[in-house]
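Student: Take this structure, written in structure tokens, and hold onto it; I'll ask about it next.
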Amino acid sequence: MGEIVSEYPALPEGIAFGGDYNPEQWPREVQEEDVRLMRQAGVNLVSLSIFSWVLMEPREGVYEFGWLDQIVDRLHHAGISVNLGTPTAVPPAWFSARYPGAFPVTREGVRVGSGGRQNACSSDPDFRAAGARLAEQLVTRYGDHPAVVMWHVHNEYGAPLGECYCPSSVAAWREWLRHRYESLDALNTAWGTTFWGQRYGEWDEIDAPRWSHTVVNPAQRLDYARFANEEHLSHYRLQREILRRCGKPVTTNFAGTVNCKSMDLWRWAPELDVIANDHYLDGERPDNHIQLAMSADLSRSLAGGGPWMLMEHSTGGISWQPRGIAKRPGEMRRNSLAHVARGSDSVLFFQWRASRYGAEKWHSAMVPHVGTDSQIWRDVVALGQDVRRLSPVRGSRVTGEVAIVWDWESYWAIELEWRPSADLSFRERVDAFYEALWREHVTTDFVHPSADISAYKLVVVPSSYLLTEGSAKNLQRYVEAGGHLLVSYFSGIVDENDTVHEGPYPGALREVLGLAVEEFHPLRERETVALTGGAMGRIWSERVRLARAVAVREFADGPDAGHPAVTGNGFGAGTAWYLATALAGDDLRGLLGEVLDRAEVRRPRGLPDTLEFVRRGPHVFLINHGDAPVTVAGVSGTDLLTGALFPGWVPPGGVAVVETPAG
Amino acid sequence: MGEIVSEYPALPEGIAFGGDYNPEQWPREVQEEDVRLMRQAGVNLVSLSIFSWVLMEPREGVYEFGWLDQIVDRLHHAGISVNLGTPTAVPPAWFSARYPGAFPVTREGVRVGSGGRQNACSSDPDFRAAGARLAEQLVTRYGDHPAVVMWHVHNEYGAPLGECYCPSSVAAWREWLRHRYESLDALNTAWGTTFWGQRYGEWDEIDAPRWSHTVVNPAQRLDYARFANEEHLSHYRLQREILRRCGKPVTTNFAGTVNCKSMDLWRWAPELDVIANDHYLDGERPDNHIQLAMSADLSRSLAGGGPWMLMEHSTGGISWQPRGIAKRPGEMRRNSLAHVARGSDSVLFFQWRASRYGAEKWHSAMVPHVGTDSQIWRDVVALGQDVRRLSPVRGSRVTGEVAIVWDWESYWAIELEWRPSADLSFRERVDAFYEALWREHVTTDFVHPSADISAYKLVVVPSSYLLTEGSAKNLQRYVEAGGHLLVSYFSGIVDENDTVHEGPYPGALREVLGLAVEEFHPLRERETVALTGGAMGRIWSERVRLARAVAVREFADGPDAGHPAVTGNGFGAGTAWYLATALAGDDLRGLLGEVLDRAEVRRPRGLPDTLEFVRRGPHVFLINHGDAPVTVAGVSGTDLLTGALFPGWVPPGGVAVVETPAG
Amino acid sequence: MGEIVSEYPALPEGIAFGGDYNPEQWPREVQEEDVRLMRQAGVNLVSLSIFSWVLMEPREGVYEFGWLDQIVDRLHHAGISVNLGTPTAVPPAWFSARYPGAFPVTREGVRVGSGGRQNACSSDPDFRAAGARLAEQLVTRYGDHPAVVMWHVHNEYGAPLGECYCPSSVAAWREWLRHRYESLDALNTAWGTTFWGQRYGEWDEIDAPRWSHTVVNPAQRLDYARFANEEHLSHYRLQREILRRCGKPVTTNFAGTVNCKSMDLWRWAPELDVIANDHYLDGERPDNHIQLAMSADLSRSLAGGGPWMLMEHSTGGISWQPRGIAKRPGEMRRNSLAHVARGSDSVLFFQWRASRYGAEKWHSAMVPHVGTDSQIWRDVVALGQDVRRLSPVRGSRVTGEVAIVWDWESYWAIELEWRPSADLSFRERVDAFYEALWREHVTTDFVHPSADISAYKLVVVPSSYLLTEGSAKNLQRYVEAGGHLLVSYFSGIVDENDTVHEGPYPGALREVLGLAVEEFHPLRERETVALTGGAMGRIWSERVRLARAVAVREFADGPDAGHPAVTGNGFGAGTAWYLATALAGDDLRGLLGEVLDRAEVRRPRGLPDTLEFVRRGPHVFLINHGDAPVTVAGVSGTDLLTGALFPGWVPPGGVAVVETPAG
């Protein structure tokens with residue numbers, strides 16, 4: 001997938017640099033200044049027309065493209081390429097007035113109003129048809145334009161519109177179910193409708209899992225989440241098929257790989273010609289550079305390890321967060337280069353120029369309200385130079401020895417109602433493991449549990465509650481063949497229908513772990529348990545009965561005092577580890593260090609955990625997030641950013657990209 | 001009422017033991033294993049078919065009972081009795097699709113969706129008729145079956161569906177009002193419609209008290225709460241009348257006597273042949289054994305002091321709580337025996353076998369997911385043996401010398417909007433008084449304020465805001481005749497229409513208390529006031545003016561410093577005490593101790609407050625909730641649980657049931 | 001405006017004293033006692049029939065006024081004047097049943113139910129017409145009645161019903177927009193509809209800014225707030241035009257000038273013959289006397305500096321607050337006299353007699369439930385005497401040297417979604433500045449930013465985010481002519497359409513302030529920054545670039561360490577000060593003190609900040625809110641309240657009203 005970026009000749013050379021561009025908000029003189037400034041900053045790619053439907057089609061069936069022709073030509077003339085958007089994320093007011101049935105409806109039955117965005121349902125037939133007609137117009141007019149190098153369909157599917165409960169959605173849902181199950185018997189079995197007497201006798205009896213004053217069938221809700229994902233995907237595919245005719249790559253921007261929970265991006269990745277991610281810092285979080293790395297690593301993993309595109313990030317404050325925290329000196333640069341370190345072949349921003357009006361006027365931009373006499377603009381220009389120097393990096397791959405299992409279906413399932421503990425969380429565990437690995441300077445991939453994981457030295461399974469029998473077998477074969485598997489509590493508990501695997505927990509992983517869990521003992525809010533050796537567990541305790549596994553740590557107190565808390569099991573040529581409680585911070589890092597050593601995972605030693613260390617192809621990225629200089633032994637070569645020999649240390653806040661001879 | 005359990009010959013001998021049984025969720029081989037295991041555990045009663053409507057009537061008017069015949073026969077063959085359910089708590093999908101008008105509607109106008117339970121309105125005529133037809137089928141087919149010993153109508157009326165605001169409800173509401181008031185003048189007077197100009201000129205002008213952006217007429221809301229209760233009750237009665245034809249007892253299970261606020265169980269109790277309660281621990285609350293005792297005592301009080309049935313409780317974690325806290329070693333046994341101590345003639349669980357799917361799969365069971373090689377199963381089997389040994393207890397009564405007034409109408413009224421303080425709470429006061437009595441080893445009854453209370457030595461009135469003139473007179477006569485009455489602030493304030501009794505507060509109790517309250521002085525959030533003698537009050541202060549009463553304690557600071565905080569009034573042959581602020585914990589226990597002494601309430605002395613001490617007929621139940629052994633002087637006889645002489649002490653976590661010679 | 005109270009001969013002499021009176025809730029004997037008690041207390045004005053529509057018009061078109069005739073005559077006979085209400089705040093049940101389209105609808109689409117109040121939409125044509133017919137009836141019948149001295153239209157417009165989203169509202173909204181913008185081009189420009197492609201091609205495509213799952217066009221929302229305000233105002237005007245025929249003053253009571261955010265009272269003030277304010281203490285807030293002063297000062301400012309009427313306040317606890325905190329000894333008196341000090345010519349209460357039923361029965365009253373043998377009644381009678389002694393104060397004016405800019409449009413705009421920081425707040429800044437001024441004993445006016453402010457020595461601009469070019473020019477001219485302007489951060493940022501002023505921030509005030517702001521640096525939750533000199537800023541930091549201004553304080557740490565935090569700029573004959581972070585308490589008071597000195601604002605020195613000091617005409621009001629006596633030097637004359645010479649000090653909790661010779 002990602003390869004296409006490198007292969008497609010029309011794309012600008014080197015790393016793409018630029019952002020979302022909304023010239024329609026400005027008079028001609030500003031548009032002309034824009035191009036001048038873009039050249040000054042080294043911009044070589046902009047995304048156009050993402051919200052411009054009503055300008056393209058001011059009345060139904062009446063198209064006006066003159067304004068866009070002018071802009072595209074002007075950019076082309078300046079040597080700036082265009083990523084052209086299909087603007088279906090906001091239908092025109094005339095559309096909404098004429099097709100009110102397209103307004104989304106929430107689970108509680110509230111119809112979404114107009115005036116915002118994402119205010120049409122992806123299942124609505126009128127909305128789909130209108131979007132397809134528009135895509136036809138676009139590909140016909142711009143398909144051969146030399147400036148247009150790629151297509152950007154819609155915008156951030158699933159954010160904020162995940163599931164819709166309108167009548168069109170219900171009709172599509174019944175069709176989707178017929179297709180999935182073929183017979184009502186199969187559906188009744190999958191959904192366990194004998195529980196609470198919910199058996200269906202006709203397809204038309206099935207409704208969407210609307211809000212209820214009590215819990216709703218979890219298998220039904222899980223399928224609705226799948227259905228909603230597929231509807232958005234099918235909306236995308238309809239446009240993609242039309243756009244692809246011109247032979248240029250088609251993408252859509254993910255609303256943050258790690259944050260857009262409603263979309264199963266493993267299903268989307270194969271449908272995109274290039275993976276495109278939008279990433280925004282959680283401004284007030286001190287470790288947001290680690291969250292950034294995670295988002296980038298998941299983007300790369302979706303791209304199969306190859307390059308991907310950072311489609312949006314910010315130069316500073318973000319409008320939709322409670323506080324638009326500005327970036328600290330050098331932070332924009334560190335963020336941008338960290339994305340490139342982890343596989344991005346682009347550094348793109350939302351947005352080129354800050355709007356003076358509308359919902360996002362308080363979102364930062366490359367050209368801020370204050371204009372070019374500003375630190376932000378000077379930083380943007382300097383970053384453009386950095387980016388140009390990174391051209392040699394383009395197209396190269398990042399290879400990890402460790403992978404974390406990431407499965408959206410399990411993510412959805414664990415967050416449904418009435419789980420054994422409200423504190424059970426897929427993300428909490430992923431974050432804990434990822435952070436420990438990041439601080440250990442281990443570059444981590446993410447994998448679907450059914451993927452080929454044979455190349456990894458260690459695979460981590462973080463509270464992967466839903467695990468199909470097939471995926472479980474895949475993990476088991478991996479260990480059998482010599483892999484190391486580290487499994488968190490509450491993994492492998494249910495199958496794809498939220499039905500508990502038979503026998504003692506964790507049904508799907510019992511054999512490879514060499515143990516059985518007899519009973520869960522969720523901890524009280526803020527309760528902790530001590531482990532032998534001094535670590536402290538939260539959230540969870542449980543009664544582990546060893547079969548072939550051996551205890552590595554035991555609970556020292558709590559409901560399972562004296563019973564195993566951490567176990568290891570030699571299985572075939574490999575080892576499966578199990579963690580029966582939630583460790584975090586140094587406790588987790590300590591344990592993980594032991595496992596990494598046993599798995600012989602390579603990583604630099606002796607570095608502080610403020611230094612980000614990533615190897616991309618022959619280049620080593622060294623990003624210093626701390627306030628002190630960091631000496632890095634064993635890395636030598638030219639620093640692409642300075643053109644000089646890497647001096648062996650990175651200043652506070654600084655970055656080096658060292659071209660190593662080994663590369 | 002409760003007596004019927006003992007009298008009805010078909011019921012199993014001794015204490016009933018078993019639980020909800022859903023064999024339809026399992027293949028035949030598991031069903032057969034179920035019966036084998038039930039016999040092993042000593043199960044003698046199961047509740048069947050509570051959610052099986054769609055299995056009984058897969059299409060409208062088409063009935064299929066073969067599957068149920070098989071199960072009932074199999075159980076009968078094994079000597080296990082059946083409590084047969086009418087499964088109206090979940091109508092079939094075909095019903096909901098055909099009669100969408102039966103879906104409940106919330107106060108805010110949101111229609112409840114399907115996929116959960118309790119998703120039909122008790123007022124809906126189609127829903128009622130369909131349920132009645134089903135009851136006809138059941139009584140015809142199983143009325144004479146020797147295994148079927150009782151009927152279980154619906155499930156937990158009022159939870160979560162209390163009030164419904166659908167059109168059928170509004171129509172029924174108008175009829176109910178016509179019947180209650182006969183004339184609009186009477187209604188206008190009762191509701192005080194001259195306030196805010198809300199006078200009604202036609203019955204059809206009256207709507208349900210829907211959500212408003214401001215407060216809604218409190219008398220109207222109070223009547224709607226009454227109406228909703230009566231609608232559920234009338235839904236129950238319709239089925240009961242049909243089922244009763246076969247001469248077997250009919251019940252419905254209360255959704256926790258102390259927790260199902262929306263149902264006025266004093267109105268339900270006379271309509272049930274046996275009182276049945278579902279009780280679930282509030283898992284994270286350290287004093288949940290005291291809450292359990294309160295629920296049991298209220299159940300017994302509803303049964304008129306006679307035996308009742310614990311219809312559901314749990315072996316461990318509860319799915320609908322934020323965290324499914326497992327029971328500690330011995331806790332299930334202590335819970336079960338505490339219910340029996342307080343009058344239950346059954347120990348029944350939800351559920352026999354944990355489901356692998358559906359909304360409640362994380363609810364514990366007698367047979368957990370892990371199967372019989374588990375502590376839970378071993379505990380269940382041991383408990384079955386204990387229960388069998390308690391047969392002599394069956395049918396005996398518990399008699400209390402102290403009663404707490406419990407009135408659902410007052411509970412509803414005090415929680416309506418715009419009260420003098422958001423901290424005013426009926427339950428907070430009940431809990432405080434009950435806890436103090438429990439720790440003093442006093443077994444407490446609950447009474448409606450209009451009930452015959454002449455036999456009690458002390459009656460406690462805990463913030464009984466709504467008190468009719470008749471009830472107030474009843475309390476006054478009680479004191480006059482020699483009783484002791486302990487009244488909390490904010491009692492006897494309004495009549496049945498939420499209209500303030502005339503004259504100084506508390507209008508309905510002023511005379512018996514011998515005082516008047518001039519002005520309320522609600523305390524600020526977390527503000528406290530000191531009393532002379534050292535106690536500390538919260539929530540409330542007020543200006544008490546003594547008439548004939550004398551001050552027992554005064555406020556030492558706060559808005560009423562120097563004025564009475566606790567008073568006593570000799571009235572006729574008795575005494576009425578008054579508490580003008582919220583005391584809790586040891587402060588309340590100290591004061592209550594004085595009152596108990598004055599009222600000559602008998603209770604064991606010198607026992608720690610970790611020991612539960614209850615006398616049921618000739619048997620003394622001693623339940624040690626603490627971590628240390630407790631010596632109990634003055635109790636001697638055989639311990640039913642061991643068959644040996646009670647050794648005079650109870651081990652940590654242990655229970656003794658001593659058959660005393662006096663009994 | 002306010003002058004009319006003094007000029008209108010029918011109004012009682014001196015200060016009006018009384019309250020809302022609901023005789024229809026009581027039998028005749030109570031009504032007769034009411035009049036007797038009113039005379040005892042010195043009541044001379046009551047507000048009648050505010051919620052009596054259904055009594056006046058029990059069926060559509062059938063009017064009954066006999067009951068009201070009796071009451072008005074009885075009051076007249078007793079020399080008590082009447083403020084007669086048009087009772088449209090609650091339509092009759094028959095109206096709601098017949099015209100269900102008049103029920104308001106929330107932004108989320110929930111229809112407001114009946115049983116409360118304000119349950120009809122001000123835009124609904126049937127509701128308007130019915131109200132107009134009623135006003136006709138009232139003016140015809142009572143226009144010449146000598147007891148009726150003024151009209152009280154509706155009740156508290158905008159509370160709680162601000163915006164309505166019913167179909168009638170949408171229709172009126174489109175008309176309102178046509179009138180405001182004339183062309184869709186103008187509307188599209190004003191709303192910035194090129195952002196997110198929201199351009200309108202037809203007027204009928206425009207909907208109300210309903211709830212959306214994402215942010216809605218802020219200019220559209222701002223206009224809807226304006227529209228809603230105008231609709232209520234036009235509802236008022238319709239009745240006023242009818243009532244005015246009789247030549248008596250017409251008013252409507254504001255739901256708390258500082259608290260009823262949904263109404264732009266600058267638009268209302270010119271339409272009222274007398275400004276009438278309802279004020280309720282925030283019971284649990286220790287500085288609620290300062291909030292009271294602010295509400296009174298804004299009332300007076302709306303009255304152009306002349307007298308106004310305190311239409312409602314309370315004798316004690318307030319029903320709609322979480323806790324109905326009673327007033328402390330003397331507090332009702334201090335509150336009442338503080339209102340008079342700040343320009344009120346009346347001391348009126350909600351309510352005369354506490355209702356025994358309905359939603360507000362727990363609201364305090366002049367005659368409490370307990371009756372006249374109560375502290376409250378004794379305090380009311382004493383207050384009546386005080387009020388009578390204050391007759392000489394009537395009609396006199398209060399003149400401030402300092403004004404705070406208060407603009408509802410900016411208040412609305414700053415609270416829309418997606419602002420740079422969730423902590424940005426107009427009210428937070430107003431409260432901080434007002435409190436500092438109050439503690440400095442400076443009497444403060446409030447002004448619209450476009451008003452004539454030439455007479456003030458200092459004008460404070462507290463986070464006035466929205467500032468039109470015209471208003472900004474007004475402020476600039478003021479400084480140029482010699483005024484002192486103190487501007488808070490985040491002022492003058494956007495124009496009337498929420499469009500950012502061009503160029504560096506703050507676009508509208510850059511020139512007068514002599515600086516530019518390059519970038520905002522919102523602080524994290526609870527983060528603080530230090531200033532040189534020791535003060536501490538919260539909420540906000542920003543990068544200030546000085547042009548002609550000089551730095552008065554700098555940031556000592558945080559994102560702008562070393563850059564200006566407080567600046568001053570000589571501009572023309574005046575000075576403009578700027579504050580780039582949120583100072584509060586003593587920090588703000590210290591800085592403000594310097595500015596007051598520079599502006600030569602007169603104020604008493606050496607007084608503690610527990611003493612309220614206000615000059616009204618020749619009278620100095622001295623209100624001691626503290627627990628210690630306060631000596632006041634330099635004030636001499638007769639204390640109106642005692643008739644004796646002011647002794648030079650005010651006792652704890654006491655009040656003096658000194659008639660100074662200078663007056």
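In the structure tokens, the first chain shown is A, the next is B, and so on; residue numbers restart at 1 for each chain, and ligands run from 1 in the order shown.
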Mind dumping a table of every chain C residue within 6 Å of chain A, with the nearest atom pair and its distance in Å to one decimal, using only C-alpha atoms, sorted by chain and rising number, as a tab-separated table?
Tutor:
```
residue	atom	partner	partner_atom	distance
C:Gly192	CA	A:Tyr357	CA	5.8
C:Thr194	CA	A:Gln25	CA	5.9
C:Phe195	CA	A:Gly358	CA	5.6
C:Trp196	CA	A:Phe51	CA	5.0
C:Gly197	CA	A:Ser52	CA	5.1
C:Tyr200	CA	A:Ala93	CA	5.9
C:Glu205	CA	A:Ala97	CA	5.5
C:Arg210	CA	A:Gly113	CA	4.9
C:Trp211	CA	A:Gly113	CA	5.6
C:Ser212	CA	A:Val112	CA	4.8
C:Thr214	CA	A:Gly116	CA	5.8
C:Val215	CA	A:Gly116	CA	5.5
C:Val216	CA	A:Gly116	CA	4.3
C:Asn217	CA	A:Gly115	CA	5.3
C:Trp418	CA	A:Trp320	CA	5.2
C:Pro420	CA	A:Gly324	CA	5.1
C:Ser421	CA	A:Arg323	CA	4.1
C:Ala422	CA	A:Pro322	CA	5.1
C:Thr499	CA	A:Tyr357	CA	4.6
C:Val500	CA	A:Arg356	CA	4.9
C:Gly503	CA	A:Val370	CA	5.5
C:Pro504	CA	A:Val370	CA	4.2
C:Glu518	CA	A:Val370	CA	5.9
C:His521	CA	A:Ala326	CA	5.6
C:Pro522	CA	A:Ile325	CA	5.8
```
Student: Could you write out that same residue set with N, CA and C atoms as a CSV table (one decimal), in the first residue's frame?
Tutor:
```csv
chain,number,residue,atom,x,y,z
C,192,GLY,N,-19.8,33.5,7.5
C,192,GLY,CA,-18.5,32.8,7.1
C,192,GLY,C,-18.9,31.4,6.6
C,194,THR,N,-18.4,29.9,3.9
C,194,THR,CA,-17.4,29.2,3.1
C,194,THR,C,-16.6,28.2,4.0
C,195,PHE,N,-16.6,28.5,5.3
C,195,PHE,CA,-16.0,27.5,6.2
C,195,PHE,C,-16.9,26.3,6.3
C,196,TRP,N,-16.3,25.1,6.1
C,196,TRP,CA,-17.1,23.8,6.1
C,196,TRP,C,-18.2,23.8,5.1
C,197,GLY,N,-18.1,24.6,4.1
C,197,GLY,CA,-19.1,24.6,2.9
C,197,GLY,C,-20.5,24.6,3.3
C,200,TYR,N,-25.6,29.1,1.9
C,200,TYR,CA,-27.1,29.0,1.7
C,200,TYR,C,-27.5,29.6,0.3
C,205,GLU,N,-33.6,27.1,3.3
C,205,GLU,CA,-32.6,26.1,3.6
C,205,GLU,C,-32.0,26.3,5.0
C,210,ARG,N,-29.6,23.7,15.6
C,210,ARG,CA,-29.9,22.6,16.5
C,210,ARG,C,-28.7,21.8,17.0
C,211,TRP,N,-28.9,21.0,18.0
C,211,TRP,CA,-27.8,20.2,18.5
C,211,TRP,C,-27.2,19.4,17.4
C,212,SER,N,-25.9,19.3,17.4
C,212,SER,CA,-25.1,18.5,16.5
C,212,SER,C,-24.1,17.7,17.3
C,214,THR,N,-21.2,17.7,16.6
C,214,THR,CA,-19.9,18.5,16.5
C,214,THR,C,-20.3,20.0,16.6
C,215,VAL,N,-19.3,20.8,16.6
C,215,VAL,CA,-19.6,22.3,16.8
C,215,VAL,C,-20.4,22.8,15.6
C,216,VAL,N,-21.3,23.8,15.9
C,216,VAL,CA,-22.1,24.4,14.9
C,216,VAL,C,-21.6,25.8,14.7
C,217,ASN,N,-21.8,26.3,13.4
C,217,ASN,CA,-21.4,27.6,13.0
C,217,ASN,C,-21.6,28.6,14.1
C,418,TRP,N,-15.5,25.6,21.4
C,418,TRP,CA,-14.2,25.6,20.7
C,418,TRP,C,-13.5,27.0,20.8
C,420,PRO,N,-10.3,29.2,22.6
C,420,PRO,CA,-8.9,28.8,22.9
C,420,PRO,C,-8.7,28.2,24.3
C,421,SER,N,-9.6,28.5,25.2
C,421,SER,CA,-9.5,27.8,26.5
C,421,SER,C,-10.9,27.8,27.1
C,422,ALA,N,-11.2,26.6,27.7
C,422,ALA,CA,-12.5,26.4,28.4
C,422,ALA,C,-12.5,27.3,29.6
C,499,THR,N,-16.1,37.0,13.7
C,499,THR,CA,-15.0,36.9,12.8
C,499,THR,C,-13.8,37.7,13.4
C,500,VAL,N,-12.6,37.1,13.3
C,500,VAL,CA,-11.4,37.7,13.9
C,500,VAL,C,-11.1,39.0,13.2
C,503,GLY,N,-5.3,41.3,11.2
C,503,GLY,CA,-4.0,41.7,11.8
C,503,GLY,C,-3.8,41.0,13.2
C,504,PRO,N,-2.7,41.4,13.8
C,504,PRO,CA,-2.4,40.8,15.1
C,504,PRO,C,-3.5,41.1,16.1
C,518,GLU,N,1.1,38.1,19.7
C,518,GLU,CA,1.5,37.2,18.6
C,518,GLU,C,0.9,35.9,18.7
C,521,HIS,N,-1.2,31.6,24.7
C,521,HIS,CA,-0.6,30.4,25.4
C,521,HIS,C,-1.5,30.1,26.6
C,522,PRO,N,-2.7,29.5,26.3
C,522,PRO,CA,-3.6,29.2,27.4
C,522,PRO,C,-2.9,28.2,28.4
```
Student: Please provide the set of residues having any atom within 12 Å of Arg226 of chain B, restricted to only C-alpha atoms, with same-chain residues fewer than 6 positions apart removed, written as a VMD selection string.
Tutor: chain B and resid 162 to 163 173 176 to 177 180 219 to 220 232 to 233 261 to 265 267 408 to 413 496 to 497
Student: Just to confirm, what's the straight-line distance from atom CA of Asp495 of chain A to atom CA of Leu592 of chain A in Å (one decimal)?
Tutor: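 Separation between atom CA of Asp495 of chain A and atom CA of Leu592 of chain A: 27.8 Å.
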Student: If you run DSSP on the backbone here, which positions in segment 75-270 of chain A get alpha helix (DSSP H)? Please write them as number ranges by chain.
Tutor: A: 75-77, 93-98, 125-142, 167-181, 184-191, 218-243, 265-268
Student: With a distance cut-off of 10 Å and only C-alpha atoms, select the neighbouring residues of segment 330-340 of chain B, excluding the residue or stretch itself and same-chain residues fewer than 5 positions from it, and output the selection as a PyMOL selection string.
Tutor: chain B and resi 15+279-281+288-290+292-297+299-300+307-310+313-316+345-349+376+379-380+382-384+386-387+390+393-394+612-614+616+621-625+652-657
Student: Contacts of Arg598 of chain A at 10 Å or less, counting only C-alpha atoms, minus same-chain residues fewer than 6 places along, as a list in words?
Tutor: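 So the residues in contact are Lys457, Leu458, His484, Thr575 and Leu592 of chain A.
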Student: Once you have the residues from the selection above, write them out as a compact mmCIF listing (two decimals), in the first residue's frame, restricted to N, CA and C atoms.
Tutor:
```
# COMPACT_ATOMS: atom_id res chain seq x y z
N LYS A 457 10.10 -11.09 17.87
CA LYS A 457 10.69 -11.80 19.00
C LYS A 457 9.77 -11.82 20.20
N LEU A 458 8.93 -10.80 20.27
CA LEU A 458 7.97 -10.73 21.39
C LEU A 458 6.67 -10.14 20.89
N HIS A 484 7.98 -15.39 21.86
CA HIS A 484 7.65 -15.03 23.23
C HIS A 484 6.34 -14.27 23.21
N THR A 575 7.96 -19.28 24.74
CA THR A 575 7.49 -19.06 26.10
C THR A 575 6.28 -18.13 26.09
N LEU A 592 8.88 -6.17 32.15
CA LEU A 592 9.04 -6.21 30.70
C LEU A 592 10.52 -6.35 30.33
```
Student: Hey, what's within 9 Å of segment 626-636 of chain B if we count only C-alpha atoms and toss same-chain stuff fewer than 6 positions away? As a PDB file with C-alpha atoms, in the first residue's frame, please?
Tutor:
```
ATOM      1  CA  PRO B 604     -27.711  -8.756  74.193  1.00  0.00           C
ATOM      2  CA  GLY B 606     -21.235  -6.936  75.617  1.00  0.00           C
ATOM      3  CA  LEU B 607     -21.084  -8.217  72.047  1.00  0.00           C
ATOM      4  CA  PRO B 608     -18.924  -6.566  69.411  1.00  0.00           C
ATOM      5  CA  ASP B 609     -20.731  -4.929  66.512  1.00  0.00           C
ATOM      6  CA  THR B 610     -19.192  -7.412  64.103  1.00  0.00           C
ATOM      7  CA  LEU B 611     -21.485 -10.136  65.431  1.00  0.00           C
ATOM      8  CA  VAL B 620     -30.558 -17.886  67.769  1.00  0.00           C
ATOM      9  CA  LEU B 645     -23.567 -28.333  71.515  1.00  0.00           C
ATOM     10  CA  PHE B 646     -22.799 -24.678  70.811  1.00  0.00           C
ATOM     11  CA  PRO B 647     -19.366 -24.142  72.373  1.00  0.00           C
ATOM     12  CA  GLY B 648     -20.049 -20.572  73.457  1.00  0.00           C
ATOM     13  CA  TRP B 649     -18.066 -18.796  70.745  1.00  0.00           C
ATOM     14  CA  VAL B 650     -18.197 -18.223  67.024  1.00  0.00           C
ATOM     15  CA  PRO B 651     -15.025 -18.403  64.941  1.00  0.00           C
ATOM     16  CA  PRO B 652     -14.032 -15.549  62.602  1.00  0.00           C
ATOM     17  CA  GLY B 653     -16.380 -15.551  59.610  1.00  0.00           C
ATOM     18  CA  GLY B 654     -18.370 -18.373  61.156  1.00  0.00           C
ATOM     19  CA  VAL B 658     -28.401 -22.450  68.275  1.00  0.00           C
ATOM     20  CA  GLU B 659     -31.633 -24.190  69.172  1.00  0.00           C
ATOM     21  CA  THR B 660     -32.311 -22.681  72.555  1.00  0.00           C
ATOM     22  CA  PRO B 661     -34.337 -24.498  75.222  1.00  0.00           C
TER      23      PRO B 661
END
```
Student: How many Å lie between atom CA of Arg553 of chain C and atom CA of Trp406 of chain C, rounded to one decimal?
Tutor: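 Atom-to-atom, atom CA of Arg553 of chain C to atom CA of Trp406 of chain C, that is 26.3 Å.
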